[in-house]
Amino acid sequence: QVQLVESGGGLVQAGGSLRLSCSASGRTFSRSGMGWFRQAPGKERDFVAAISWTGGDTFYADSVKGRFTISRDSAKNTVYLQMNSLKPEDTAVYSCTAPLEVVAGSYPPRYYGMDYWGKGTLVTVSS
């Protein structure tokens, strides 16, 4: 059974930082892209960031570019999301997904895959 488990969410003041982790079990995603989405209260789920299987290519939503950094440790089957300069509008449930592939050269990023999802971790940014 494939499982993705997120951790690292919590309450933080505006301007603060959090680091989210997503650990996969049940199969390896070392040859697959992985990524993060978020869903704010009353809104649709939005793409946040993706990383290629090599880790050499990363993709971000415009709203987080320059503030968030996605990375991975394929040996640990884990993907991370470092979130800096957090804003109240970043408040959402953050979920990881795999596999996640981004169409090369697409803008905004067009993606596909997303066979597996974690349950999410809540990030709350207070003003």
# chains A, B, ... in the order shown; residues from 1 in each chain; ligands from 1
$ residues_around --residues "range 66-77 of chain A" --least-positions-apart "4" --cutoff "7 Å" --atoms "only C-alpha atoms" --output "list of chain:residue names"
A:Ser23, A:Ala24, A:Thr28, A:Phe29, A:Ser30, A:Ala49, A:Ala50, A:Ile51, A:Gly55, A:Leu81, A:Gln82, A:Met83, A:Asn84, A:Ser85
$ closest_atom_pairs --of "range 10-92 of chain A" --to "range 98-116 of chain A" --cutoff "12 Å" --atoms "only C-alpha atoms" --output "CSV"
residue,atom,partner,partner_atom,distance
A:Cys22,CA,A:Ala98,CA,10.2
A:Ser23,CA,A:Ala98,CA,10.7
A:Ala24,CA,A:Ala98,CA,8.8
A:Ser25,CA,A:Tyr116,CA,11.0
A:Gly26,CA,A:Tyr116,CA,11.1
A:Arg27,CA,A:Ala98,CA,10.6
A:Thr28,CA,A:Ala98,CA,10.0
A:Phe29,CA,A:Pro99,CA,6.9
A:Ser30,CA,A:Pro99,CA,9.7
A:Arg31,CA,A:Pro99,CA,8.9
A:Ser32,CA,A:Pro99,CA,5.4
A:Gly33,CA,A:Leu100,CA,4.8
A:Met34,CA,A:Leu100,CA,4.8
A:Gly35,CA,A:Leu100,CA,6.1
A:Trp36,CA,A:Leu100,CA,9.0
A:Phe37,CA,A:Met114,CA,10.4
A:Asp46,CA,A:Pro109,CA,11.4
A:Phe47,CA,A:Pro109,CA,8.6
A:Val48,CA,A:Pro109,CA,10.0
A:Ala49,CA,A:Pro109,CA,9.3
A:Ala50,CA,A:Leu100,CA,7.0
A:Ile51,CA,A:Leu100,CA,8.1
A:Ser52,CA,A:Glu101,CA,7.1
A:Trp53,CA,A:Glu101,CA,8.9
A:Thr54,CA,A:Glu101,CA,11.9
A:Asp57,CA,A:Val102,CA,9.6
A:Thr58,CA,A:Val102,CA,9.2
A:Phe59,CA,A:Pro109,CA,7.2
A:Tyr60,CA,A:Pro109,CA,7.8
A:Ala61,CA,A:Pro108,CA,7.5
A:Asp62,CA,A:Pro108,CA,8.3
A:Ser63,CA,A:Pro108,CA,11.4
A:Asn77,CA,A:Ala98,CA,10.6
A:Thr78,CA,A:Ala98,CA,10.6
A:Val79,CA,A:Ala98,CA,9.9
$ select_by_dssp --residues "chain A" --states "strand (DSSP E or B)" --output "ChimeraX atom specification"
/A:3-7,10-13,18-25,34-39,45-51,58-60,68-73,78-83,92-102,111-117,121-126
$ write_last_selection --atoms "C-alpha atoms" --output "mmCIF file, in the first residue's frame"
data_model
loop_
_atom_site.group_PDB
_atom_site.id
_atom_site.type_symbol
_atom_site.label_atom_id
_atom_site.label_comp_id
_atom_site.auth_asym_id
_atom_site.auth_seq_id
_atom_site.Cartn_x
_atom_site.Cartn_y
_atom_site.Cartn_z
ATOM 1 C CA GLN A 3 1.355 6.071 1.534
ATOM 2 C CA LEU A 4 2.474 9.678 1.521
ATOM 3 C CA VAL A 5 2.710 11.290 4.946
ATOM 4 C CA GLU A 6 3.259 15.009 5.413
ATOM 5 C CA SER A 7 4.647 16.683 8.514
ATOM 6 C CA GLY A 10 1.818 24.498 12.288
ATOM 7 C CA LEU A 11 1.113 28.052 13.357
ATOM 8 C CA VAL A 12 3.629 30.731 12.464
ATOM 9 C CA GLN A 13 3.649 34.519 12.389
ATOM 10 C CA LEU A 18 8.367 26.408 8.155
ATOM 11 C CA ARG A 19 9.781 23.271 6.569
ATOM 12 C CA LEU A 20 7.373 20.625 5.389
ATOM 13 C CA SER A 21 8.341 17.022 4.764
ATOM 14 C CA CYS A 22 6.573 14.294 2.840
ATOM 15 C CA SER A 23 7.739 10.708 3.252
ATOM 16 C CA ALA A 24 6.600 8.021 0.862
ATOM 17 C CA SER A 25 6.317 4.321 1.592
ATOM 18 C CA MET A 34 7.101 14.829 -6.782
ATOM 19 C CA GLY A 35 5.412 17.964 -5.610
ATOM 20 C CA TRP A 36 3.159 20.011 -3.382
ATOM 21 C CA PHE A 37 -0.323 21.474 -3.681
ATOM 22 C CA ARG A 38 -2.295 23.536 -1.194
ATOM 23 C CA GLN A 39 -5.933 24.208 -0.484
ATOM 24 C CA ARG A 45 -6.557 23.066 -4.517
ATOM 25 C CA ASP A 46 -3.674 24.892 -6.194
ATOM 26 C CA PHE A 47 -0.291 23.844 -7.477
ATOM 27 C CA VAL A 48 2.617 25.059 -5.312
ATOM 28 C CA ALA A 49 5.849 23.399 -6.431
ATOM 29 C CA ALA A 50 7.279 20.371 -8.208
ATOM 30 C CA ILE A 51 10.696 18.769 -8.510
ATOM 31 C CA THR A 58 12.113 22.726 -10.020
ATOM 32 C CA PHE A 59 8.858 24.533 -10.769
ATOM 33 C CA TYR A 60 6.910 27.019 -8.671
ATOM 34 C CA PHE A 68 9.559 28.619 -1.188
ATOM 35 C CA THR A 69 12.143 25.998 -2.093
ATOM 36 C CA ILE A 70 11.374 22.395 -2.964
ATOM 37 C CA SER A 71 13.991 19.691 -2.566
ATOM 38 C CA ARG A 72 14.173 15.937 -2.281
ATOM 39 C CA ASP A 73 16.164 13.089 -0.801
ATOM 40 C CA THR A 78 11.148 12.146 0.805
ATOM 41 C CA VAL A 79 10.334 15.566 -0.606
ATOM 42 C CA TYR A 80 10.625 18.836 1.323
ATOM 43 C CA LEU A 81 9.168 22.309 1.064
ATOM 44 C CA GLN A 82 11.077 25.117 2.762
ATOM 45 C CA MET A 83 8.737 28.068 3.192
ATOM 46 C CA ALA A 92 -3.791 26.305 3.723
ATOM 47 C CA VAL A 93 -3.619 22.541 3.974
ATOM 48 C CA TYR A 94 -0.475 21.481 2.127
ATOM 49 C CA SER A 95 -0.505 18.074 0.459
ATOM 50 C CA CYS A 96 2.198 16.227 -1.403
ATOM 51 C CA THR A 97 1.615 14.104 -4.455
ATOM 52 C CA ALA A 98 3.543 11.617 -6.561
ATOM 53 C CA PRO A 99 4.298 11.029 -9.254
ATOM 54 C CA LEU A 100 4.083 14.607 -10.479
ATOM 55 C CA GLU A 101 5.501 15.559 -13.853
ATOM 56 C CA VAL A 102 5.579 19.026 -15.376
ATOM 57 C CA TYR A 111 1.379 18.937 -14.799
ATOM 58 C CA TYR A 112 0.152 15.358 -14.777
ATOM 59 C CA GLY A 113 0.427 12.173 -12.755
ATOM 60 C CA MET A 114 -0.750 12.687 -9.176
ATOM 61 C CA ASP A 115 -1.691 9.059 -8.607
ATOM 62 C CA TYR A 116 -1.073 9.275 -4.869
ATOM 63 C CA TRP A 117 -1.804 11.975 -2.312
ATOM 64 C CA THR A 121 -0.631 19.203 6.902
ATOM 65 C CA LEU A 122 -2.163 22.495 8.016
ATOM 66 C CA VAL A 123 -0.125 25.673 7.801
ATOM 67 C CA THR A 124 -1.579 28.722 9.515
ATOM 68 C CA VAL A 125 0.106 32.097 9.143
ATOM 69 C CA SER A 126 -1.045 34.800 11.516
#
$ select_by_dssp --residues "chain A" --states "helix (DSSP H, G or I)" --output "list in words"
Ser74, Ala75, Lys76, Pro88, Glu89 and Asp90 of chain A
$ atom_distance --atom1 "CA of Gly118 in chain A" --atom2 "CA of Gly15 in chain A"
26.4 Å
$ atom_distance --atom1 "CA of Gly8 in chain A" --atom2 "CA of Ser127 in chain A"
19.7 Å
$ atom_distance --atom1 "CA of Gly16 in chain A" --atom2 "CA of Glu44 in chain A"
24.6 Å
